[in-house]
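Asks: Provided below: run_17.cif, containing mmCIF, C-alpha atoms.
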```cif
data_work
#
loop_
_atom_site.label_atom_id
_atom_site.label_comp_id
_atom_site.auth_asym_id
_atom_site.auth_seq_id
_atom_site.Cartn_x
_atom_site.Cartn_y
_atom_site.Cartn_z
CA MET N 1 0.92 36.82 18.19
CA GLY N 2 1.91 34.29 15.60
CA SER N 3 -0.47 32.73 13.12
CA TYR N 4 -0.85 29.56 11.08
CA GLY N 5 0.02 31.59 8.01
CA MET N 6 3.46 32.31 9.45
CA LEU N 7 4.44 28.63 9.54
CA ALA N 8 6.81 27.26 6.89
CA ARG N 9 4.87 26.40 3.74
CA ARG N 10 7.00 23.33 3.10
CA ILE N 11 5.94 21.77 6.43
CA VAL N 12 2.30 22.87 6.16
CA GLU N 13 2.12 21.25 2.70
CA THR N 14 3.78 18.04 3.88
CA GLU N 15 1.46 15.04 4.23
CA THR N 16 0.15 14.32 7.71
CA PRO N 17 1.97 11.20 9.03
CA VAL N 18 -0.35 8.25 8.50
CA MET N 19 0.95 6.58 11.67
CA VAL N 20 -0.22 9.56 13.74
CA GLN N 21 -3.70 9.06 12.29
CA ILE N 22 -3.50 5.32 12.87
CA GLN N 23 -2.42 5.78 16.49
CA GLU N 24 -5.42 8.04 17.07
CA LEU N 25 -7.62 5.38 15.48
CA ILE N 26 -6.20 2.68 17.74
CA ARG N 27 -6.80 4.80 20.85
CA GLY N 28 -10.40 5.37 19.84
CA ALA N 29 -11.12 1.76 18.87
CA GLY N 30 -10.87 0.17 22.32
CA ASP N 31 -9.27 -3.26 22.16
CA ALA N 32 -8.25 -3.08 18.50
CA MET N 33 -5.22 -5.16 17.50
CA SER N 34 -2.64 -3.53 15.25
CA LEU N 35 -1.43 -5.06 12.00
CA ALA N 36 -0.46 -1.54 10.97
CA GLN N 37 2.94 -0.39 12.21
CA GLY N 38 6.07 -2.01 10.81
CA VAL N 39 7.57 -3.39 14.00
CA VAL N 40 8.70 -6.76 15.34
CA TYR N 41 7.51 -8.38 18.54
CA TRP N 42 10.96 -9.25 19.91
CA GLN N 43 13.41 -7.23 21.97
CA PRO N 44 17.19 -7.03 21.49
CA PRO N 45 19.27 -10.09 22.50
CA ASN N 46 19.26 -10.67 26.26
CA GLN N 47 23.06 -10.86 26.37
CA ALA N 48 23.34 -7.48 24.65
CA LEU N 49 20.86 -5.89 27.05
CA GLU N 50 22.75 -7.24 30.05
CA LYS N 51 26.00 -5.72 28.80
CA VAL N 52 24.30 -2.36 28.26
CA LYS N 53 22.87 -2.54 31.76
CA GLU N 54 26.42 -2.69 33.09
CA LEU N 55 27.38 0.42 31.07
CA VAL N 56 24.65 2.75 32.24
CA TRP N 57 26.77 4.36 34.97
CA GLU N 58 29.81 4.74 32.68
CA PRO N 59 30.43 8.53 32.36
CA SER N 60 31.20 8.37 28.62
CA VAL N 61 27.69 7.10 27.95
CA SER N 62 26.27 10.47 29.05
CA ARG N 63 28.60 12.52 26.85
CA TYR N 64 28.65 13.32 23.18
CA GLY N 65 30.49 10.86 21.01
CA ALA N 66 32.02 11.11 17.56
CA ASP N 67 29.45 12.49 15.13
CA GLU N 68 29.99 9.63 12.71
CA GLY N 69 29.59 6.94 15.38
CA LEU N 70 31.63 4.96 17.89
CA PRO N 71 34.85 3.82 16.18
CA GLU N 72 34.42 0.24 17.37
CA LEU N 73 30.87 0.08 15.99
CA ARG N 74 31.88 1.60 12.67
CA ASN N 75 34.75 -0.87 12.33
CA ALA N 76 32.38 -3.76 13.06
CA LEU N 77 29.91 -2.45 10.49
CA VAL N 78 32.57 -2.09 7.79
CA LYS N 79 33.48 -5.75 8.44
CA LYS N 80 29.80 -6.74 8.32
CA LEU N 81 29.27 -4.86 5.03
CA ARG N 82 32.18 -6.69 3.43
CA GLU N 83 31.31 -10.17 4.69
CA GLU N 84 27.51 -10.10 4.50
CA ASN N 85 26.64 -7.49 1.87
CA ASN N 86 29.63 -7.69 -0.50
CA LEU N 87 30.20 -3.95 -0.13
CA HIS N 88 33.96 -3.33 -0.19
CA ASN N 89 34.21 0.36 -1.09
CA SER N 90 31.78 1.91 1.36
CA SER N 91 32.35 4.11 4.39
CA VAL N 92 29.97 4.16 7.35
CA MET N 93 28.15 6.84 9.30
CA VAL N 94 26.03 5.73 12.27
CA THR N 95 22.74 7.59 12.52
CA ALA N 96 19.97 7.84 15.09
CA GLY N 97 17.61 5.69 13.08
CA ALA N 98 17.60 4.57 9.47
CA ASN N 99 14.50 5.12 7.40
CA GLN N 100 11.74 6.10 9.82
CA VAL N 101 11.74 9.70 8.65
CA ILE N 102 9.14 11.64 10.63
CA GLY N 103 10.39 15.19 10.92
CA ILE N 104 13.19 17.67 10.89
CA GLY N 105 13.56 20.91 12.79
CA TYR N 106 11.63 19.54 15.76
CA SER N 107 13.21 18.71 19.10
CA LEU N 108 14.86 15.30 18.71
CA LEU N 109 13.19 12.78 20.95
CA PHE N 110 14.70 9.38 21.67
CA THR N 111 12.81 6.50 23.26
CA LEU N 112 14.68 4.24 25.64
CA GLU N 113 11.71 2.44 27.12
CA VAL N 114 13.56 -0.88 27.22
CA LEU N 115 16.34 0.64 29.31
CA LYS N 116 13.78 2.18 31.63
CA GLU N 117 12.23 -1.25 32.18
CA ILE N 118 15.57 -2.91 32.84
CA LEU N 119 16.93 -0.30 35.21
CA GLY N 120 13.83 1.31 36.61
CA LEU N 121 15.13 4.70 35.48
CA ARG N 122 12.96 7.78 35.05
CA ASN N 123 13.25 11.00 33.06
CA ILE N 124 15.65 9.63 30.45
CA ILE N 125 16.32 12.32 27.85
CA LYS N 126 15.10 11.25 24.44
CA SER N 127 16.46 11.89 20.96
CA ASP N 128 15.63 10.83 17.42
CA GLY N 129 17.41 11.27 14.08
CA LYS N 130 16.96 10.32 10.49
CA ALA N 131 19.39 8.75 8.05
CA PHE N 132 17.12 9.34 5.07
CA VAL N 133 16.70 13.04 5.91
CA ASN N 134 20.50 13.27 6.27
CA LEU N 135 20.82 12.02 2.71
CA VAL N 136 18.07 14.20 1.26
CA LEU N 137 19.66 17.29 2.81
CA THR N 138 23.12 16.24 1.56
CA LEU N 139 22.13 15.25 -1.98
CA CYS N 140 19.13 17.39 -2.95
CA ASP N 141 18.36 21.07 -3.43
CA ALA N 142 14.89 22.58 -3.39
CA GLY N 143 13.57 22.33 -6.94
CA ASP N 144 15.42 19.10 -7.78
CA SER N 145 13.36 16.23 -9.11
CA VAL N 146 13.45 12.81 -7.44
CA VAL N 147 11.98 9.42 -8.29
CA MET N 148 9.97 7.00 -6.16
CA PHE N 149 7.71 4.09 -7.05
CA ALA N 150 4.18 3.42 -5.87
CA PRO N 151 3.45 1.84 -3.53
CA TYR N 152 6.10 3.92 -1.76
CA TYR N 153 7.22 4.28 1.85
CA PHE N 154 5.14 7.20 3.08
CA ASN N 155 7.77 8.68 5.39
CA ALA N 156 10.32 8.87 2.57
CA TYR N 157 7.79 10.84 0.52
CA MET N 158 7.30 13.19 3.46
CA SER N 159 11.01 13.73 3.91
CA PHE N 160 11.30 15.01 0.37
CA GLN N 161 8.31 17.32 0.90
CA MET N 162 9.47 18.83 4.17
CA THR N 163 12.98 19.54 2.90
CA GLY N 164 11.66 21.52 -0.07
CA VAL N 165 11.91 18.80 -2.75
CA THR N 166 8.47 19.01 -4.31
CA ASN N 167 9.07 17.65 -7.82
CA ILE N 168 8.50 14.04 -6.79
CA LEU N 169 8.10 11.78 -9.82
CA VAL N 170 6.15 8.70 -8.75
CA GLY N 171 6.53 5.74 -11.06
CA PRO N 172 4.38 2.63 -11.40
CA SER N 173 5.14 -0.90 -10.32
CA ASN N 174 4.41 -4.11 -12.17
CA PRO N 175 0.80 -4.94 -11.19
CA ARG N 176 1.62 -8.65 -10.99
CA THR N 177 4.89 -8.52 -8.98
CA LEU N 178 4.93 -4.96 -7.56
CA HIS N 179 8.52 -4.64 -8.80
CA PRO N 180 9.33 -1.02 -9.69
CA ASP N 181 8.89 -0.47 -13.43
CA VAL N 182 12.42 -0.25 -14.81
CA ASP N 183 11.23 0.61 -18.34
CA TRP N 184 9.35 3.62 -16.98
CA LEU N 185 12.50 4.64 -15.10
CA LYS N 186 14.60 4.42 -18.26
CA LYS N 187 12.09 6.64 -20.08
CA ILE N 188 11.82 9.22 -17.29
CA LEU N 189 15.60 9.47 -16.86
CA LEU N 190 15.98 10.15 -20.59
CA GLU N 191 13.15 12.68 -20.78
CA THR N 192 13.64 14.68 -17.57
CA LYS N 193 16.15 17.52 -17.85
CA PRO N 194 18.05 18.07 -15.70
CA SER N 195 18.09 14.41 -14.68
CA PRO N 196 16.41 13.51 -11.40
CA LYS N 197 18.87 13.97 -8.55
CA VAL N 198 17.82 10.85 -6.65
CA VAL N 199 16.07 7.55 -7.34
CA THR N 200 15.08 5.62 -4.21
CA VAL N 201 13.81 2.10 -3.54
CA VAL N 202 13.30 -0.08 -0.48
CA ASN N 203 14.47 -3.68 -0.85
CA PRO N 204 12.72 -5.81 0.25
CA GLY N 205 9.87 -3.40 -0.03
CA ASN N 206 7.94 -1.31 2.41
CA PRO N 207 4.96 -1.31 1.95
CA SER N 208 4.91 -4.02 -0.71
CA GLY N 209 6.90 -6.85 0.93
CA THR N 210 8.27 -7.51 -2.57
CA TYR N 211 11.92 -8.35 -3.16
CA ILE N 212 13.71 -6.69 -6.09
CA PRO N 213 15.91 -9.46 -7.56
CA GLU N 214 19.59 -8.72 -8.11
CA PRO N 215 19.49 -8.46 -11.95
CA LEU N 216 16.68 -5.89 -11.75
CA LEU N 217 18.43 -3.93 -9.00
CA LYS N 218 21.59 -3.84 -11.13
CA ARG N 219 19.57 -2.43 -14.05
CA PHE N 220 18.39 0.35 -11.76
CA ALA N 221 21.98 1.02 -10.74
CA ASP N 222 23.17 1.09 -14.35
CA LEU N 223 20.41 3.44 -15.48
CA CYS N 224 21.11 5.82 -12.60
CA ARG N 225 24.83 5.83 -13.35
CA GLU N 226 24.21 6.61 -17.03
CA ALA N 227 21.82 9.44 -16.14
CA GLY N 228 24.04 10.92 -13.44
CA SER N 229 21.46 10.24 -10.71
CA TRP N 230 22.02 8.98 -7.18
CA LEU N 231 20.44 5.65 -6.22
CA ILE N 232 19.45 5.28 -2.57
CA VAL N 233 18.63 1.72 -1.55
CA ASP N 234 16.98 1.19 1.83
CA ASN N 235 18.02 -2.24 3.11
CA THR N 236 16.25 -2.05 6.47
CA TYR N 237 14.72 -5.51 5.95
CA GLU N 238 17.84 -7.24 4.63
CA TYR N 239 17.41 -10.23 6.96
CA PHE N 240 13.67 -10.57 6.38
CA MET N 241 13.70 -12.94 3.42
CA TYR N 242 11.46 -15.98 2.95
CA ASP N 243 11.09 -19.08 0.80
CA GLY N 244 14.82 -19.45 0.15
CA LEU N 245 15.34 -15.96 -1.28
CA LYS N 246 18.63 -14.22 -0.48
CA HIS N 247 19.15 -10.48 -0.10
CA THR N 248 21.83 -8.74 -2.16
CA CYS N 249 23.20 -5.20 -2.37
CA VAL N 250 24.65 -3.09 -5.16
CA GLU N 251 27.61 -0.74 -4.84
CA GLY N 252 28.97 2.15 -6.87
CA ASP N 253 30.13 5.75 -6.66
CA HIS N 254 26.54 6.87 -7.26
CA ILE N 255 24.90 4.46 -4.78
CA VAL N 256 24.11 4.95 -1.10
CA ASN N 257 22.84 2.06 1.02
CA ILE N 258 20.83 2.50 4.22
CA PHE N 259 20.67 -0.13 6.97
CA SER N 260 18.95 -0.38 10.34
CA PHE N 261 19.13 -2.18 13.66
CA SER N 262 15.48 -1.38 14.38
CA LYS N 263 13.72 -4.40 12.93
CA ALA N 264 16.43 -7.08 12.83
CA TYR N 265 17.44 -6.69 16.47
CA GLY N 266 14.15 -5.39 17.86
CA MET N 267 15.67 -1.97 18.51
CA MET N 268 12.84 0.22 17.22
CA GLY N 269 12.90 2.56 20.21
CA TRP N 270 16.70 2.65 20.53
CA ARG N 271 17.03 4.39 17.13
CA VAL N 272 20.24 3.21 15.49
CA GLY N 273 20.85 2.91 11.78
CA TYR N 274 23.73 3.54 9.43
CA ILE N 275 24.57 4.88 6.01
CA ALA N 276 27.02 3.08 3.73
CA TYR N 277 28.24 5.73 1.29
CA PRO N 278 30.87 5.49 -1.48
CA SER N 279 34.39 5.91 -0.11
CA ASN N 280 35.69 7.17 -3.44
CA VAL N 281 33.44 10.24 -3.63
CA GLU N 282 35.61 13.02 -2.24
CA GLY N 283 33.99 15.11 0.46
CA PHE N 284 30.81 13.04 0.79
CA GLY N 285 31.48 12.15 4.42
CA ALA N 286 32.32 15.74 5.31
CA GLN N 287 29.02 16.97 3.89
CA LEU N 288 27.07 14.28 5.75
CA LEU N 289 28.75 15.41 8.95
CA LYS N 290 27.38 18.93 8.51
CA VAL N 291 23.86 17.56 8.64
CA GLN N 292 24.62 15.04 11.36
CA ASP N 293 26.13 17.64 13.67
CA ASN N 294 23.09 19.89 13.34
CA ILE N 295 20.41 17.26 13.89
CA PRO N 296 21.33 14.51 16.38
CA ILE N 297 25.06 15.41 16.77
CA CYS N 298 25.52 11.68 17.24
CA ALA N 299 23.39 8.63 17.79
CA SER N 300 22.74 7.86 21.46
CA ILE N 301 25.93 6.40 22.92
CA ILE N 302 24.21 3.70 24.95
CA SER N 303 22.17 2.73 21.89
CA GLN N 304 25.36 2.38 19.85
CA HIS N 305 26.80 0.06 22.51
CA LEU N 306 23.64 -2.03 22.35
CA ALA N 307 23.93 -2.14 18.57
CA LEU N 308 27.53 -3.32 18.78
CA ASN N 309 26.70 -5.99 21.36
CA SER N 310 23.72 -7.13 19.28
CA LEU N 311 25.83 -7.26 16.13
CA GLU N 312 28.20 -9.62 17.92
CA MET N 313 25.35 -12.15 18.19
CA GLY N 314 25.64 -12.57 14.42
CA PRO N 315 23.01 -12.82 11.67
CA GLU N 316 22.10 -16.28 12.93
CA TRP N 317 20.34 -14.71 15.93
CA VAL N 318 18.23 -12.57 13.63
CA SER N 319 17.45 -15.49 11.32
CA GLU N 320 16.03 -17.47 14.23
CA GLN N 321 13.66 -14.63 15.05
CA VAL N 322 12.61 -14.11 11.44
CA LYS N 323 11.74 -17.81 11.06
CA THR N 324 8.94 -17.33 13.57
CA LEU N 325 7.22 -14.88 11.21
CA VAL N 326 6.53 -17.51 8.55
CA ILE N 327 3.50 -18.77 10.48
CA ASN N 328 2.30 -15.20 11.01
CA ARG N 329 2.52 -14.60 7.28
CA SER N 330 0.47 -17.71 6.54
CA LEU N 331 -2.19 -16.68 9.05
CA ILE N 332 -2.55 -13.25 7.47
CA MET N 333 -2.55 -14.69 3.95
CA ASP N 334 -5.51 -16.85 4.93
CA ALA N 335 -7.24 -13.87 6.55
CA LEU N 336 -6.96 -11.96 3.25
CA SER N 337 -8.45 -14.81 1.18
CA PRO N 338 -11.94 -13.22 1.01
CA LEU N 339 -10.44 -10.58 -1.31
CA GLY N 340 -9.65 -13.18 -3.96
CA GLU N 341 -6.63 -15.20 -5.02
CA ASP N 342 -4.94 -12.53 -7.15
CA SER N 343 -5.58 -9.67 -4.76
CA VAL N 344 -2.65 -10.26 -2.40
CA LYS N 345 0.95 -9.42 -3.34
CA GLY N 346 4.27 -9.30 -1.53
CA GLY N 347 5.33 -11.38 1.43
CA GLU N 348 8.61 -12.36 -0.22
CA GLY N 349 10.48 -10.22 2.27
CA ALA N 350 10.13 -7.57 4.98
CA LEU N 351 7.03 -7.69 7.21
CA TYR N 352 4.28 -6.86 4.75
CA LEU N 353 1.53 -8.07 2.50
CA PHE N 354 -0.20 -5.68 0.10
CA ALA N 355 -3.82 -6.41 -0.71
CA LYS N 356 -6.21 -4.95 -3.29
CA LEU N 357 -9.72 -4.06 -2.14
CA PRO N 358 -12.78 -4.54 -4.36
CA ASP N 359 -12.88 -1.84 -7.03
CA LYS N 360 -15.76 0.08 -5.44
CA TYR N 361 -13.49 0.94 -2.49
CA HIS N 362 -10.72 2.44 -4.63
CA ASP N 363 -11.28 5.91 -3.18
CA ASP N 364 -12.41 4.74 0.26
CA ASP N 365 -9.52 2.63 1.58
CA PHE N 366 -9.10 4.82 4.68
CA GLU N 367 -12.83 4.45 5.41
CA VAL N 368 -12.39 0.68 5.14
CA VAL N 369 -9.48 0.90 7.61
CA ARG N 370 -11.59 2.93 10.03
CA TRP N 371 -14.51 0.51 9.69
CA LEU N 372 -12.34 -2.55 10.30
CA ALA N 373 -10.86 -0.91 13.39
CA ARG N 374 -14.14 0.21 14.91
CA LYS N 375 -16.33 -2.78 14.05
CA HIS N 376 -13.88 -5.67 13.90
CA GLY N 377 -11.04 -4.53 16.16
CA VAL N 378 -8.14 -4.81 13.72
CA VAL N 379 -6.04 -1.95 12.32
CA LEU N 380 -4.24 -1.76 8.95
CA ILE N 381 -2.60 0.93 6.78
CA PRO N 382 -4.53 2.35 3.81
CA GLY N 383 -2.78 2.06 0.46
CA SER N 384 -3.60 5.71 -0.32
CA ALA N 385 -0.93 6.67 2.24
CA CYS N 386 1.56 4.84 0.02
CA GLY N 387 0.43 6.35 -3.28
CA SER N 388 -1.71 3.29 -4.12
CA PRO N 389 -5.36 3.98 -3.24
CA GLY N 390 -7.72 1.05 -3.06
CA ASN N 391 -5.20 -1.18 -1.29
CA LEU N 392 -4.20 -2.19 2.24
CA ARG N 393 -0.79 -2.71 3.85
CA ILE N 394 -0.76 -5.45 6.45
CA SER N 395 2.18 -6.01 8.82
CA PHE N 396 2.69 -9.50 10.23
CA GLY N 397 5.71 -8.77 12.45
CA GLY N 398 4.43 -6.98 15.53
CA LEU N 399 2.43 -9.74 17.23
CA ARG N 400 3.35 -13.17 18.53
CA GLU N 401 1.76 -16.19 16.87
CA ASN N 402 -1.20 -16.51 19.25
CA GLU N 403 -1.95 -12.79 19.00
CA THR N 404 -1.59 -12.88 15.22
CA ARG N 405 -4.05 -15.78 15.09
CA THR N 406 -6.62 -13.67 16.96
CA ALA N 407 -6.00 -10.60 14.80
CA ALA N 408 -6.19 -12.70 11.63
CA GLY N 409 -9.55 -14.11 12.74
CA ARG N 410 -10.91 -10.60 13.19
CA LEU N 411 -9.54 -9.49 9.83
CA LYS N 412 -10.97 -12.46 7.94
CA LYS N 413 -14.40 -11.96 9.49
CA GLY N 414 -14.31 -8.28 8.61
CA LEU N 415 -13.24 -8.83 5.02
CA GLU N 416 -15.87 -11.53 4.52
CA GLU N 417 -18.52 -9.05 5.67
CA LEU N 418 -17.02 -6.27 3.54
CA VAL N 419 -17.13 -8.37 0.37
CA ARG N 420 -20.56 -9.80 1.12
CA ASP N 421 -22.49 -6.89 2.61
CA GLY N 422 -20.31 -3.78 2.47
CA MET N 423 -19.44 -1.59 5.44
CA LEU N 424 -22.45 -2.23 7.61
CA GLN N 425 -22.42 -0.30 10.87
#
```
Can I see the file as structure tokens?

Replies:
Amino acid sequence: MGSYGMLARRIVETETPVMVQIQELIRGAGDAMSLAQGVVYWQPPNQALEKVKELVWEPSVSRYGADEGLPELRNALVKKLREENNLHNSSVMVTAGANQVIGIGYSLLFTLEVLKEILGLRNIIKSDGKAFVNLVLTLCDAGDSVVMFAPYYFNAYMSFQMTGVTNILVGPSNPRTLHPDVDWLKKILLETKPSPKVVTVVNPGNPSGTYIPEPLLKRFADLCREAGSWLIVDNTYEYFMYDGLKHTCVEGDHIVNIFSFSKAYGMMGWRVGYIAYPSNVEGFGAQLLKVQDNIPICASIISQHLALNSLEMGPEWVSEQVKTLVINRSLIMDALSPLGEDSVKGGEGALYLFAKLPDKYHDDDFEVVRWLARKHGVVLIPGSACGSPGNLRISFGGLRENETRTAAGRLKKGLEELVRDGMLQ
């Protein structure tokens, strides 16, 4: 008989996924509405889905493809990187997902619920893979130090933990802007020997919704180059920019950029992302392939076709969808007003607002989340899951406007009661 003590220590000591806890909370809270998970309400473009529908009986769709991705998709992505992201010296690997790092060493499950709805199919085999884990396994050894900034993306923190990277240096962010503190980074890169192997940021931010402006991002890149550290930039929300702001990328032989189809094209369950890694670093691609071949082998072929067909719709299609979130953001901003004018940050990009609770709830943010779910029927993410206790992450992307209006009403009522009376049962 096995025992709990025989399980790998690195996985036992890894944080429990907050979304697993949130999903349990939603199931137990009846008709609760979720402002928790970072998803969008739309599906992939209809034209792209129709083309995929025609491909389902194509024999090649059921076979393995090239580990690094379909050639036609990779060529289209290289073109996109040059024209949209100003990345001219980057090679591409297509992965089964971008930054939603949940696990490694488990069976790889892939959700094709949309395809099942379209075609009425049953028993579709599922698979799931992780671009960020690919990079951690390729770049880091157990015992290396790495740098993140609070509030951080909880799954990225977990991916370091479960791959044996336990020296995670968590830096502060500017309390006014939530921009990662570049002066702290400069200090830590000078003082830590050997230098941290990886520095990672999400831009625009998850969970903060804050956009790191180009001059600041370039300072990060310069500091990492001088220290001999890798910089991983997660650009999952590149198209989710508001109020006239424009997303930019940085490139260099020490920089890896991650991108995703999940949010922009509503392909969360189809699991397609891609890594843009420096072409000039000899052997980088070959090392990535070692990991890729032992985790997903390749991203789902039919998902890659959907990604290619969606990409052909152009960024304009995505922009039209993102415009609809501006009203959602305003509704949630109003719902958070009981917390006070200076309590809400972010919302410049991505799908998120980050809100500070009254000081007395600094150590009880998860209890506040549970209370809001059970009494007021609205679910959020506690900031403690992101390294920032006493805060809340609110997603405004997963519901249509009318649903968001209802959820915002529940949230505002709950926060008014919380500030006025506390967590009355």

Asks: For a test of reading the model, state the distance in Å between atom CA of Thr177 of chain N and atom CA of Lys345 of chain N, rounded to one decimal.

Replies: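 Value for the atom CA of Thr177 of chain N-atom CA of Lys345 of chain N distance: 6.9 Å.
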
Asks: Could you state the separation of atom CA of Pro59 of chain N and atom CA of Val78 of chain N in Å, given to one decimal place?

Replies: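 Atom CA of Val78 of chain N lies at a distance of 26.9 Å from atom CA of Pro59 of chain N.
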
Asks: Which is closer to Ala48 of chain N than all the others in N:Met333, N:Leu351, N:Met313, N:Val318, using all atoms listed in the file?

Replies: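 Using all atoms listed in the file, Ala48 of chain N sits closest to N:Met313.
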
Asks: If you count all atoms listed in the file, which residues fall within 7 Å of Ala299 of chain N, apart from same-chain ones fewer than 5 positions away, as a list in words?

Replies: Gly69, Val94, Thr95, Ala96, Val272 and Gln304 of chain N

Asks: Env of segment 258-265 of chain N: 7 Å cut, atoms = all atoms listed in the file, seq-sep filter 6 positions within chain, self excluded. Answer as a ChimeraX atom specification.

Replies: /N:39-40,43-44,97-98,233-236,239,271-276,307,310,318

Asks: On this structure, the PyMOL selection byres ((chain N and resi 74) around 10) would catch which residues? List them as a ChimeraX atom specification, sorted by chain and number.

Replies: /N:68-73,75-80,91-94,274,304,308

Asks: Can you tell me, as a list in words, which residues sit within 8 Å of (26.6, 5.5, -4.6) in the file's frame, using all atoms listed in the file?

Replies: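 These residues have at least one counted atom within 8 Å: Trp230, Leu231, Ile232, Glu251, Gly252, Asp253, His254, Ile255, Val256, Asn257, Tyr277 and Pro278 of chain N.
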
Asks: What does the PyMOL selection byres ((chain N and resi 418) around 12) select in this file, as a PDB file with C-alpha atoms, in the frame of the given file?

Replies:
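Output file result.pdb follows:
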```
ATOM      1  CA  LEU N 336      -6.960 -11.960   3.250  1.00  0.00           C
ATOM      2  CA  PRO N 338     -11.940 -13.220   1.010  1.00  0.00           C
ATOM      3  CA  LEU N 339     -10.440 -10.580  -1.310  1.00  0.00           C
ATOM      4  CA  LEU N 357      -9.720  -4.060  -2.140  1.00  0.00           C
ATOM      5  CA  PRO N 358     -12.780  -4.540  -4.360  1.00  0.00           C
ATOM      6  CA  LYS N 360     -15.760   0.080  -5.440  1.00  0.00           C
ATOM      7  CA  TYR N 361     -13.490   0.940  -2.490  1.00  0.00           C
ATOM      8  CA  ASP N 365      -9.520   2.630   1.580  1.00  0.00           C
ATOM      9  CA  GLU N 367     -12.830   4.450   5.410  1.00  0.00           C
ATOM     10  CA  VAL N 368     -12.390   0.680   5.140  1.00  0.00           C
ATOM     11  CA  VAL N 369      -9.480   0.900   7.610  1.00  0.00           C
ATOM     12  CA  TRP N 371     -14.510   0.510   9.690  1.00  0.00           C
ATOM     13  CA  LEU N 372     -12.340  -2.550  10.300  1.00  0.00           C
ATOM     14  CA  LYS N 375     -16.330  -2.780  14.050  1.00  0.00           C
ATOM     15  CA  HIS N 376     -13.880  -5.670  13.900  1.00  0.00           C
ATOM     16  CA  LEU N 411      -9.540  -9.490   9.830  1.00  0.00           C
ATOM     17  CA  LYS N 412     -10.970 -12.460   7.940  1.00  0.00           C
ATOM     18  CA  LYS N 413     -14.400 -11.960   9.490  1.00  0.00           C
ATOM     19  CA  GLY N 414     -14.310  -8.280   8.610  1.00  0.00           C
ATOM     20  CA  LEU N 415     -13.240  -8.830   5.020  1.00  0.00           C
ATOM     21  CA  GLU N 416     -15.870 -11.530   4.520  1.00  0.00           C
ATOM     22  CA  GLU N 417     -18.520  -9.050   5.670  1.00  0.00           C
ATOM     23  CA  VAL N 419     -17.130  -8.370   0.370  1.00  0.00           C
ATOM     24  CA  ARG N 420     -20.560  -9.800   1.120  1.00  0.00           C
ATOM     25  CA  ASP N 421     -22.490  -6.890   2.610  1.00  0.00           C
ATOM     26  CA  GLY N 422     -20.310  -3.780   2.470  1.00  0.00           C
ATOM     27  CA  MET N 423     -19.440  -1.590   5.440  1.00  0.00           C
ATOM     28  CA  LEU N 424     -22.450  -2.230   7.610  1.00  0.00           C
ATOM     29  CA  GLN N 425     -22.420  -0.300  10.870  1.00  0.00           C
TER      30      GLN N 425
END
```

Asks: Residues picked by the PyMOL selection byres ((chain N and resi 226) around 12) here, as a list in words?

Replies: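 So the PyMOL selection byres ((chain N and resi 226) around 12), applied here, picks out Lys186, Leu189, Leu190, Ser195, Pro196, Arg219, Phe220, Ala221, Asp222, Leu223, Cys224, Arg225, Ala227, Gly228, Ser229, Trp230, Leu231, Asp253 and His254 of chain N.
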
Asks: Quick one, how far is atom CA of Gly346 of chain N from atom CA of Ile188 of chain N?

Replies: 25.5 Å

Asks: Would you please work out which residue, of N:Leu216, N:Val165, N:Val146, N:Leu245, is nearest to Val198 of chain N when using only C-alpha atoms?

Replies: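 Distance minimum relative to Val198 of chain N lands on N:Val146.
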
Asks: Kindly indicate which residue among N:Glu348, N:Glu83, N:Glu58, N:Asp334 lies nearest to Ile212 of chain N, using all atoms listed in the file for the distances.

Replies: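 Comparing N:Glu348, N:Glu83, N:Glu58, N:Asp334 against Ile212 of chain N, the winner is N:Glu348.
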
Asks: Would you mind telling me which residue in N:Val170, N:Ile11, N:Leu306, N:Ile327 lies nearest to Asn402 of chain N when using all atoms listed in the file?

Replies: N:Ile327

Asks: Between N:Leu380, N:Ala385, N:Leu81, N:Met241, which is the closest to Ala156 of chain N once you count all atoms listed in the file?

Replies: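 Closest to Ala156 of chain N of all the choices is N:Ala385.
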
Asks: I'd like to know which of N:Arg374, N:His362, N:Arg405, N:Arg410 is closest to Asn391 of chain N, using all atoms listed in the file.

Replies: N:His362

Asks: What lies within 12 Å of Met33 of chain N using only C-alpha atoms, ignoring chain neighbours under 4 positions off, as a ChimeraX atom specification?

Replies: /N:22-23,25-29,37,372-380,394-396,398-400,403-411

Asks: Please check which residues have atoms at most 10 Å from (16.0, -10.6, -8.7) in the file's coordinates, counting all atoms listed in the file, and write them as a list in words.

Replies: His179, Tyr211, Ile212, Pro213, Glu214, Pro215, Leu216, Leu217, Lys218, Leu245, Lys246, His247 and Thr248 of chain N
